[in-house]
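Remarks on the structure that follows.
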Amino acid sequence: MIPANTTYKPGSAWGDNSEIQFSIDEGNSFKQPSLLVYEVSDDKGGKEERKASPDKYTHIRWIVKEIPGNSKGEVGFRITVN
């Protein structure tokens, strides 16, 4: 989870041998940043789809592909305090 009153710093997530995904819906779904979109209503009553910016990210997930026996690893990310 990305802490309240903070913003994820783009490109700062790391994790050896892992796929990193993000959520903009409180962790209900996760995707690569380029696939994160949300809808807003336009002034004509229609819907417009927008690409989510890092300030919309709520959660980060690491999918670790393999963990060898007797090994250690770290994952992490950086934030900006709002």
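Letters for chains follow the order of the structure tokens (A, B, ...), residue numbers begin at 1 for each chain, and ligand numbers begin at 1 in the order shown.
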* stretch 54-56 of chain A surroundings by only C-alpha atoms, 10 Å radius, close-in-sequence under 3 positions cut, as a ChimeraX atom specification -> /A:6-11,22-26,33,36-38,51,59,80
Same residues, C-alpha atoms, saved as a PDB file, in the first residue's frame:
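Saved file selection_4.pdb follows:
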ATOM      1  CA  THR A   6       2.164  10.501  -0.185  1.00  0.00           C
ATOM      2  CA  THR A   7       2.716  10.029  -3.919  1.00  0.00           C
ATOM      3  CA  TYR A   8       4.650   7.208  -5.563  1.00  0.00           C
ATOM      4  CA  LYS A   9       7.857   8.460  -7.177  1.00  0.00           C
ATOM      5  CA  PRO A  10       7.712   7.263 -10.822  1.00  0.00           C
ATOM      6  CA  GLY A  11      10.239   4.596 -11.746  1.00  0.00           C
ATOM      7  CA  PHE A  22       0.279  -1.050  -9.667  1.00  0.00           C
ATOM      8  CA  SER A  23      -3.308  -0.450  -8.568  1.00  0.00           C
ATOM      9  CA  ILE A  24      -5.488   2.653  -8.736  1.00  0.00           C
ATOM     10  CA  ASP A  25      -8.529   1.023  -7.097  1.00  0.00           C
ATOM     11  CA  GLU A  26      -7.366   0.278  -3.548  1.00  0.00           C
ATOM     12  CA  PRO A  33       1.459   1.538 -15.486  1.00  0.00           C
ATOM     13  CA  LEU A  36      -3.843   1.859 -15.802  1.00  0.00           C
ATOM     14  CA  VAL A  37      -6.796   3.966 -16.950  1.00  0.00           C
ATOM     15  CA  TYR A  38      -9.832   5.504 -15.295  1.00  0.00           C
ATOM     16  CA  LYS A  51      -4.234   7.267 -18.284  1.00  0.00           C
ATOM     17  CA  HIS A  59      -0.987  -0.087  -4.090  1.00  0.00           C
ATOM     18  CA  THR A  80       7.084  11.991  -1.974  1.00  0.00           C
TER      19      THR A  80
END
* To do: Identify, on the basis of only C-alpha atoms, every residue whose closest approach to A:Ile63 does not exceed 10 Å; exclude the query and any residue fewer than 6 positions from it along the same chain; express the result as a ChimeraX atom specification.
  => /A:15,17-21
* **Top pick for closest residue to A:Tyr57, considering A:Ser29, A:Asn70, A:Asp16, A:Glu39 and counting only C-alpha atoms** => A:Ser29
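Atom pair atom CA of A:Val81 / atom CA of A:Gly27 has a distance of 20.5 Å (rounded to one decimal).
Contact shell of A:Phe77 at 7 Å (only C-alpha atoms; same-chain neighbours under 6 positions omitted): Ser12, Ala13 and Trp14 of chain A.
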* Asked: Quick one: distance from atom CA of A:Asn5 to atom CA of A:Glu48 in Å, one decimal?
  -> 26.5 Å
Please return as an mmCIF file with all heavy atoms, in the first residue's frame: the residues of chain A that backbone DSSP assigns to strand (DSSP E).
data_model
loop_
_atom_site.group_PDB
_atom_site.id
_atom_site.type_symbol
_atom_site.label_atom_id
_atom_site.label_comp_id
_atom_site.auth_asym_id
_atom_site.auth_seq_id
_atom_site.Cartn_x
_atom_site.Cartn_y
_atom_site.Cartn_z
ATOM 1 N N THR A 6 0.899 10.638 0.543
ATOM 2 C CA THR A 6 2.164 10.501 -0.185
ATOM 3 C C THR A 6 1.845 10.201 -1.647
ATOM 4 O O THR A 6 0.721 9.830 -1.982
ATOM 5 C CB THR A 6 3.049 9.372 0.375
ATOM 6 O OG1 THR A 6 2.422 8.110 0.124
ATOM 7 C CG2 THR A 6 3.314 9.537 1.861
ATOM 8 N N THR A 7 2.846 10.347 -2.500
ATOM 9 C CA THR A 7 2.716 10.029 -3.919
ATOM 10 C C THR A 7 3.893 9.161 -4.323
ATOM 11 O O THR A 7 5.042 9.462 -3.966
ATOM 12 C CB THR A 7 2.717 11.319 -4.777
ATOM 13 O OG1 THR A 7 1.627 12.144 -4.357
ATOM 14 C CG2 THR A 7 2.560 11.005 -6.256
ATOM 15 N N TYR A 8 3.607 8.093 -5.041
ATOM 16 C CA TYR A 8 4.650 7.208 -5.563
ATOM 17 C C TYR A 8 5.576 7.995 -6.485
ATOM 18 O O TYR A 8 5.115 8.766 -7.332
ATOM 19 C CB TYR A 8 4.008 6.043 -6.322
ATOM 20 C CG TYR A 8 4.982 5.238 -7.124
ATOM 21 C CD1 TYR A 8 5.868 4.372 -6.508
ATOM 22 C CD2 TYR A 8 5.037 5.358 -8.501
ATOM 23 C CE1 TYR A 8 6.781 3.645 -7.239
ATOM 24 C CE2 TYR A 8 5.943 4.628 -9.252
ATOM 25 C CZ TYR A 8 6.813 3.777 -8.616
ATOM 26 O OH TYR A 8 7.722 3.063 -9.346
ATOM 27 N N TRP A 14 11.557 -1.247 -7.103
ATOM 28 C CA TRP A 14 12.570 -2.226 -7.486
ATOM 29 C C TRP A 14 12.275 -3.554 -6.806
ATOM 30 O O TRP A 14 11.565 -3.617 -5.810
ATOM 31 C CB TRP A 14 13.966 -1.737 -7.122
ATOM 32 C CG TRP A 14 14.278 -1.832 -5.649
ATOM 33 C CD1 TRP A 14 14.826 -2.914 -4.996
ATOM 34 C CD2 TRP A 14 14.050 -0.860 -4.638
ATOM 35 N NE1 TRP A 14 14.946 -2.659 -3.648
ATOM 36 C CE2 TRP A 14 14.477 -1.393 -3.407
ATOM 37 C CE3 TRP A 14 13.527 0.419 -4.637
ATOM 38 C CZ2 TRP A 14 14.391 -0.706 -2.216
ATOM 39 C CZ3 TRP A 14 13.443 1.107 -3.447
ATOM 40 C CH2 TRP A 14 13.881 0.550 -2.258
ATOM 41 N N GLY A 15 12.825 -4.576 -7.374
ATOM 42 C CA GLY A 15 12.705 -5.911 -6.799
ATOM 43 C C GLY A 15 13.363 -6.915 -7.716
ATOM 44 O O GLY A 15 12.982 -7.023 -8.889
ATOM 45 N N SER A 18 11.493 -9.808 -10.275
ATOM 46 C CA SER A 18 10.061 -9.641 -10.041
ATOM 47 C C SER A 18 9.408 -8.754 -11.095
ATOM 48 O O SER A 18 10.058 -7.905 -11.699
ATOM 49 C CB SER A 18 9.803 -9.067 -8.653
ATOM 50 O OG SER A 18 10.358 -7.783 -8.529
ATOM 51 N N GLU A 19 8.131 -8.989 -11.277
ATOM 52 C CA GLU A 19 7.295 -8.132 -12.105
ATOM 53 C C GLU A 19 6.586 -7.193 -11.142
ATOM 54 O O GLU A 19 6.023 -7.638 -10.137
ATOM 55 C CB GLU A 19 6.279 -8.973 -12.871
ATOM 56 C CG GLU A 19 5.322 -8.160 -13.689
ATOM 57 C CD GLU A 19 4.238 -9.006 -14.338
ATOM 58 O OE1 GLU A 19 4.380 -10.237 -14.421
ATOM 59 O OE2 GLU A 19 3.225 -8.412 -14.738
ATOM 60 N N ILE A 20 6.595 -5.901 -11.452
ATOM 61 C CA ILE A 20 5.996 -4.909 -10.561
ATOM 62 C C ILE A 20 4.732 -4.369 -11.219
ATOM 63 O O ILE A 20 4.754 -3.937 -12.364
ATOM 64 C CB ILE A 20 6.987 -3.775 -10.255
ATOM 65 C CG1 ILE A 20 8.271 -4.358 -9.634
ATOM 66 C CG2 ILE A 20 6.354 -2.748 -9.331
ATOM 67 C CD1 ILE A 20 9.405 -3.374 -9.513
ATOM 68 N N GLN A 21 3.630 -4.427 -10.478
ATOM 69 C CA GLN A 21 2.341 -3.949 -10.963
ATOM 70 C C GLN A 21 1.772 -2.938 -9.979
ATOM 71 O O GLN A 21 2.141 -2.922 -8.806
ATOM 72 C CB GLN A 21 1.363 -5.110 -11.124
ATOM 73 C CG GLN A 21 1.816 -6.149 -12.115
ATOM 74 C CD GLN A 21 0.828 -7.309 -12.207
ATOM 75 O OE1 GLN A 21 0.027 -7.543 -11.305
ATOM 76 N NE2 GLN A 21 0.901 -8.032 -13.311
ATOM 77 N N PHE A 22 0.850 -2.127 -10.466
ATOM 78 C CA PHE A 22 0.279 -1.050 -9.667
ATOM 79 C C PHE A 22 -1.243 -1.104 -9.699
ATOM 80 O O PHE A 22 -1.839 -1.636 -10.625
ATOM 81 C CB PHE A 22 0.753 0.307 -10.204
ATOM 82 C CG PHE A 22 2.239 0.461 -10.161
ATOM 83 C CD1 PHE A 22 3.030 -0.020 -11.194
ATOM 84 C CD2 PHE A 22 2.858 1.065 -9.084
ATOM 85 C CE1 PHE A 22 4.407 0.102 -11.162
ATOM 86 C CE2 PHE A 22 4.238 1.192 -9.041
ATOM 87 C CZ PHE A 22 5.006 0.713 -10.077
ATOM 88 N N SER A 23 -1.855 -0.517 -8.674
ATOM 89 C CA SER A 23 -3.308 -0.450 -8.568
ATOM 90 C C SER A 23 -3.729 1.003 -8.388
ATOM 91 O O SER A 23 -3.035 1.783 -7.733
ATOM 92 C CB SER A 23 -3.783 -1.264 -7.365
ATOM 93 O OG SER A 23 -5.177 -1.127 -7.192
ATOM 94 N N VAL A 37 -5.934 2.897 -16.465
ATOM 95 C CA VAL A 37 -6.796 3.966 -16.950
ATOM 96 C C VAL A 37 -8.013 4.092 -16.045
ATOM 97 O O VAL A 37 -8.394 3.149 -15.354
ATOM 98 C CB VAL A 37 -7.252 3.733 -18.407
ATOM 99 C CG1 VAL A 37 -6.073 3.804 -19.362
ATOM 100 C CG2 VAL A 37 -7.968 2.413 -18.553
ATOM 101 N N TYR A 38 -8.611 5.265 -16.052
ATOM 102 C CA TYR A 38 -9.832 5.504 -15.295
ATOM 103 C C TYR A 38 -10.749 6.399 -16.126
ATOM 104 O O TYR A 38 -10.312 7.029 -17.087
ATOM 105 C CB TYR A 38 -9.534 6.116 -13.925
ATOM 106 C CG TYR A 38 -8.897 7.486 -13.984
ATOM 107 C CD1 TYR A 38 -9.660 8.631 -13.794
ATOM 108 C CD2 TYR A 38 -7.534 7.639 -14.207
ATOM 109 C CE1 TYR A 38 -9.079 9.889 -13.844
ATOM 110 C CE2 TYR A 38 -6.951 8.887 -14.255
ATOM 111 C CZ TYR A 38 -7.727 10.010 -14.074
ATOM 112 O OH TYR A 38 -7.156 11.250 -14.130
ATOM 113 N N GLU A 39 -12.023 6.417 -15.777
ATOM 114 C CA GLU A 39 -13.006 7.202 -16.513
ATOM 115 C C GLU A 39 -13.396 8.453 -15.743
ATOM 116 O O GLU A 39 -13.515 8.427 -14.519
ATOM 117 C CB GLU A 39 -14.269 6.381 -16.775
ATOM 118 C CG GLU A 39 -14.096 5.320 -17.820
ATOM 119 C CD GLU A 39 -15.411 4.630 -18.154
ATOM 120 O OE1 GLU A 39 -16.421 4.829 -17.441
ATOM 121 O OE2 GLU A 39 -15.415 3.877 -19.136
ATOM 122 N N VAL A 40 -13.605 9.531 -16.486
ATOM 123 C CA VAL A 40 -14.139 10.768 -15.923
ATOM 124 C C VAL A 40 -15.287 11.209 -16.816
ATOM 125 O O VAL A 40 -15.321 10.894 -18.006
ATOM 126 C CB VAL A 40 -13.071 11.883 -15.825
ATOM 127 C CG1 VAL A 40 -11.999 11.529 -14.825
ATOM 128 C CG2 VAL A 40 -12.475 12.188 -17.167
ATOM 129 N N SER A 41 -16.220 11.928 -16.247
ATOM 130 C CA SER A 41 -17.338 12.463 -17.022
ATOM 131 C C SER A 41 -16.908 13.761 -17.682
ATOM 132 O O SER A 41 -16.270 14.609 -17.057
ATOM 133 C CB SER A 41 -18.533 12.733 -16.115
ATOM 134 O OG SER A 41 -18.981 11.541 -15.524
ATOM 135 N N LYS A 47 -18.400 9.931 -21.150
ATOM 136 C CA LYS A 47 -17.264 9.445 -20.355
ATOM 137 C C LYS A 47 -15.993 9.575 -21.180
ATOM 138 O O LYS A 47 -15.987 9.355 -22.386
ATOM 139 C CB LYS A 47 -17.461 7.983 -19.969
ATOM 140 C CG LYS A 47 -18.713 7.715 -19.177
ATOM 141 C CD LYS A 47 -18.422 7.733 -17.717
ATOM 142 C CE LYS A 47 -19.707 7.372 -16.978
ATOM 143 N NZ LYS A 47 -19.603 7.496 -15.586
ATOM 144 N N GLU A 48 -14.929 9.911 -20.492
ATOM 145 C CA GLU A 48 -13.620 10.024 -21.126
ATOM 146 C C GLU A 48 -12.639 9.149 -20.353
ATOM 147 O O GLU A 48 -12.645 9.150 -19.127
ATOM 148 C CB GLU A 48 -13.156 11.482 -21.087
ATOM 149 C CG GLU A 48 -11.812 11.716 -21.708
ATOM 150 C CD GLU A 48 -11.393 13.169 -21.599
ATOM 151 O OE1 GLU A 48 -12.266 14.061 -21.602
ATOM 152 O OE2 GLU A 48 -10.175 13.408 -21.498
ATOM 153 N N GLU A 49 -11.827 8.394 -21.055
ATOM 154 C CA GLU A 49 -10.834 7.532 -20.422
ATOM 155 C C GLU A 49 -9.503 8.267 -20.354
ATOM 156 O O GLU A 49 -9.063 8.850 -21.337
ATOM 157 C CB GLU A 49 -10.693 6.246 -21.239
ATOM 158 C CG GLU A 49 -10.053 5.126 -20.469
ATOM 159 C CD GLU A 49 -10.149 3.812 -21.206
ATOM 160 O OE1 GLU A 49 -9.313 3.598 -22.121
ATOM 161 O OE2 GLU A 49 -11.038 3.011 -20.886
ATOM 162 N N ARG A 50 -8.864 8.217 -19.196
ATOM 163 C CA ARG A 50 -7.569 8.877 -18.997
ATOM 164 C C ARG A 50 -6.567 7.889 -18.440
ATOM 165 O O ARG A 50 -6.917 7.022 -17.650
ATOM 166 C CB ARG A 50 -7.702 10.046 -18.032
ATOM 167 C CG ARG A 50 -8.539 11.162 -18.565
ATOM 168 C CD ARG A 50 -8.470 12.352 -17.667
ATOM 169 N NE ARG A 50 -9.334 13.398 -18.185
ATOM 170 C CZ ARG A 50 -9.676 14.477 -17.526
ATOM 171 N NH1 ARG A 50 -9.229 14.660 -16.294
ATOM 172 N NH2 ARG A 50 -10.456 15.377 -18.073
ATOM 173 N N LYS A 51 -5.317 8.081 -18.821
ATOM 174 C CA LYS A 51 -4.234 7.267 -18.284
ATOM 175 C C LYS A 51 -3.935 7.757 -16.864
ATOM 176 O O LYS A 51 -3.851 8.952 -16.615
ATOM 177 C CB LYS A 51 -2.986 7.394 -19.153
ATOM 178 C CG LYS A 51 -1.866 6.516 -18.693
ATOM 179 C CD LYS A 51 -0.664 6.627 -19.590
ATOM 180 C CE LYS A 51 0.457 5.806 -18.983
ATOM 181 N NZ LYS A 51 1.739 6.124 -19.548
ATOM 182 N N HIS A 59 -1.680 1.119 -4.551
ATOM 183 C CA HIS A 59 -0.987 -0.087 -4.090
ATOM 184 C C HIS A 59 0.048 -0.518 -5.126
ATOM 185 O O HIS A 59 -0.092 -0.218 -6.318
ATOM 186 C CB HIS A 59 -1.969 -1.242 -3.893
ATOM 187 C CG HIS A 59 -2.897 -1.061 -2.753
ATOM 188 N ND1 HIS A 59 -3.927 -0.155 -2.756
ATOM 189 C CD2 HIS A 59 -2.952 -1.684 -1.550
ATOM 190 C CE1 HIS A 59 -4.576 -0.210 -1.609
ATOM 191 N NE2 HIS A 59 -4.011 -1.136 -0.863
ATOM 192 N N ILE A 60 1.043 -1.255 -4.653
ATOM 193 C CA ILE A 60 2.069 -1.848 -5.519
ATOM 194 C C ILE A 60 2.144 -3.329 -5.192
ATOM 195 O O ILE A 60 2.043 -3.720 -4.028
ATOM 196 C CB ILE A 60 3.446 -1.202 -5.291
ATOM 197 C CG1 ILE A 60 3.378 0.309 -5.512
ATOM 198 C CG2 ILE A 60 4.493 -1.821 -6.219
ATOM 199 C CD1 ILE A 60 4.656 1.049 -5.184
ATOM 200 N N ARG A 61 2.324 -4.146 -6.238
ATOM 201 C CA ARG A 61 2.453 -5.600 -6.045
ATOM 202 C C ARG A 61 3.691 -6.081 -6.787
ATOM 203 O O ARG A 61 3.941 -5.693 -7.915
ATOM 204 C CB ARG A 61 1.213 -6.305 -6.581
ATOM 205 C CG ARG A 61 1.338 -7.814 -6.568
ATOM 206 C CD ARG A 61 0.040 -8.505 -6.861
ATOM 207 N NE ARG A 61 -0.388 -8.327 -8.244
ATOM 208 C CZ ARG A 61 -1.534 -8.803 -8.723
ATOM 209 N NH1 ARG A 61 -2.371 -9.454 -7.937
ATOM 210 N NH2 ARG A 61 -1.851 -8.618 -9.967
ATOM 211 N N TRP A 62 4.447 -6.947 -6.111
ATOM 212 C CA TRP A 62 5.613 -7.581 -6.710
ATOM 213 C C TRP A 62 5.285 -9.045 -6.933
ATOM 214 O O TRP A 62 4.904 -9.744 -5.990
ATOM 215 C CB TRP A 62 6.831 -7.481 -5.796
ATOM 216 C CG TRP A 62 7.397 -6.108 -5.685
ATOM 217 C CD1 TRP A 62 8.463 -5.611 -6.371
ATOM 218 C CD2 TRP A 62 6.953 -5.054 -4.826
ATOM 219 N NE1 TRP A 62 8.696 -4.314 -5.995
ATOM 220 C CE2 TRP A 62 7.775 -3.943 -5.054
ATOM 221 C CE3 TRP A 62 5.916 -4.933 -3.895
ATOM 222 C CZ2 TRP A 62 7.611 -2.737 -4.381
ATOM 223 C CZ3 TRP A 62 5.734 -3.737 -3.236
ATOM 224 C CH2 TRP A 62 6.590 -2.658 -3.482
ATOM 225 N N ILE A 63 5.433 -9.514 -8.143
ATOM 226 C CA ILE A 63 5.268 -10.930 -8.448
ATOM 227 C C ILE A 63 6.673 -11.481 -8.639
ATOM 228 O O ILE A 63 7.321 -11.231 -9.658
ATOM 229 C CB ILE A 63 4.412 -11.146 -9.709
ATOM 230 C CG1 ILE A 63 3.027 -10.513 -9.502
ATOM 231 C CG2 ILE A 63 4.296 -12.635 -10.024
ATOM 232 C CD1 ILE A 63 2.179 -10.471 -10.735
ATOM 233 N N VAL A 64 7.158 -12.190 -7.633
ATOM 234 C CA VAL A 64 8.521 -12.718 -7.647
ATOM 235 C C VAL A 64 8.497 -14.044 -8.392
ATOM 236 O O VAL A 64 7.762 -14.964 -8.024
ATOM 237 C CB VAL A 64 9.061 -12.892 -6.215
ATOM 238 C CG1 VAL A 64 10.473 -13.461 -6.242
ATOM 239 C CG2 VAL A 64 9.017 -11.552 -5.472
ATOM 240 N N VAL A 75 12.478 -5.746 -1.870
ATOM 241 C CA VAL A 75 11.657 -4.973 -2.791
ATOM 242 C C VAL A 75 11.395 -3.621 -2.120
ATOM 243 O O VAL A 75 11.502 -3.507 -0.901
ATOM 244 C CB VAL A 75 10.318 -5.673 -3.121
ATOM 245 C CG1 VAL A 75 10.567 -7.020 -3.791
ATOM 246 C CG2 VAL A 75 9.451 -5.837 -1.896
ATOM 247 N N GLY A 76 11.080 -2.643 -2.900
ATOM 248 C CA GLY A 76 10.797 -1.350 -2.308
ATOM 249 C C GLY A 76 10.410 -0.314 -3.334
ATOM 250 O O GLY A 76 10.370 -0.581 -4.537
ATOM 251 N N ILE A 79 8.650 7.384 -2.214
ATOM 252 C CA ILE A 79 7.470 8.242 -2.236
ATOM 253 C C ILE A 79 7.881 9.696 -2.020
ATOM 254 O O ILE A 79 8.995 9.976 -1.579
ATOM 255 C CB ILE A 79 6.463 7.857 -1.127
ATOM 256 C CG1 ILE A 79 7.157 7.900 0.236
ATOM 257 C CG2 ILE A 79 5.819 6.528 -1.403
ATOM 258 C CD1 ILE A 79 6.221 7.896 1.412
ATOM 259 N N THR A 80 6.956 10.582 -2.322
ATOM 260 C CA THR A 80 7.084 11.991 -1.974
ATOM 261 C C THR A 80 5.963 12.278 -0.980
ATOM 262 O O THR A 80 4.813 11.907 -1.216
ATOM 263 C CB THR A 80 6.921 12.884 -3.216
ATOM 264 O OG1 THR A 80 7.921 12.520 -4.171
ATOM 265 C CG2 THR A 80 7.039 14.351 -2.876
ATOM 266 N N VAL A 81 6.295 12.934 0.111
ATOM 267 C CA VAL A 81 5.283 13.308 1.109
ATOM 268 C C VAL A 81 4.574 14.549 0.588
ATOM 269 O O VAL A 81 5.223 15.529 0.207
ATOM 270 C CB VAL A 81 5.915 13.553 2.482
ATOM 271 C CG1 VAL A 81 4.866 14.003 3.482
ATOM 272 C CG2 VAL A 81 6.623 12.304 2.983
#
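Proximity of A:Ala52, A:Glu74, A:Gly45, A:Pro3 to A:Gln32, computed with only C-alpha atoms, is greatest for A:Ala52.
Atom pair atom CA of A:Asn28 / atom CA of A:Ser53: separated by 17.5 Å.
The nearest approach to A:Ala4 among the residues A:Asn82, A:Lys65, A:Lys44, A:Lys72, with only C-alpha atoms taken into account, belongs to A:Asn82.
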* DSSP-assigned helix (DSSP H, G or I) among stretch 7-71 of chain A, expressed as a VMD selection string -> chain A and resid 33 to 35 54 to 56
Kindly save the residues from that selection, with N, CA, C and O atoms included, as a PDB file, in the first residue's frame.
ATOM      1  N   PRO A  33       1.852   0.120 -15.440  1.00  0.00           N
ATOM      2  CA  PRO A  33       1.459   1.538 -15.486  1.00  0.00           C
ATOM      3  C   PRO A  33       0.832   1.973 -16.812  1.00  0.00           C
ATOM      4  O   PRO A  33      -0.129   2.738 -16.809  1.00  0.00           O
ATOM      5  N   SER A  34       1.330   1.468 -17.919  1.00  0.00           N
ATOM      6  CA  SER A  34       0.796   1.888 -19.224  1.00  0.00           C
ATOM      7  C   SER A  34      -0.644   1.428 -19.445  1.00  0.00           C
ATOM      8  O   SER A  34      -1.337   1.954 -20.318  1.00  0.00           O
ATOM      9  N   LEU A  35      -1.125   0.471 -18.656  1.00  0.00           N
ATOM     10  CA  LEU A  35      -2.480  -0.052 -18.807  1.00  0.00           C
ATOM     11  C   LEU A  35      -3.463   0.490 -17.765  1.00  0.00           C
ATOM     12  O   LEU A  35      -4.636   0.149 -17.790  1.00  0.00           O
ATOM     13  N   PRO A  54       1.040   8.682 -11.575  1.00  0.00           N
ATOM     14  CA  PRO A  54       1.470   8.092 -10.295  1.00  0.00           C
ATOM     15  C   PRO A  54       0.729   8.619  -9.066  1.00  0.00           C
ATOM     16  O   PRO A  54       0.616   7.902  -8.077  1.00  0.00           O
ATOM     17  N   ASP A  55       0.183   9.804  -9.117  1.00  0.00           N
ATOM     18  CA  ASP A  55      -0.556  10.308  -7.958  1.00  0.00           C
ATOM     19  C   ASP A  55      -1.869   9.561  -7.740  1.00  0.00           C
ATOM     20  O   ASP A  55      -2.481   9.675  -6.678  1.00  0.00           O
ATOM     21  N   LYS A  56      -2.294   8.755  -8.702  1.00  0.00           N
ATOM     22  CA  LYS A  56      -3.504   7.934  -8.575  1.00  0.00           C
ATOM     23  C   LYS A  56      -3.202   6.538  -8.021  1.00  0.00           C
ATOM     24  O   LYS A  56      -4.114   5.812  -7.636  1.00  0.00           O
TER      25      LYS A  56
END
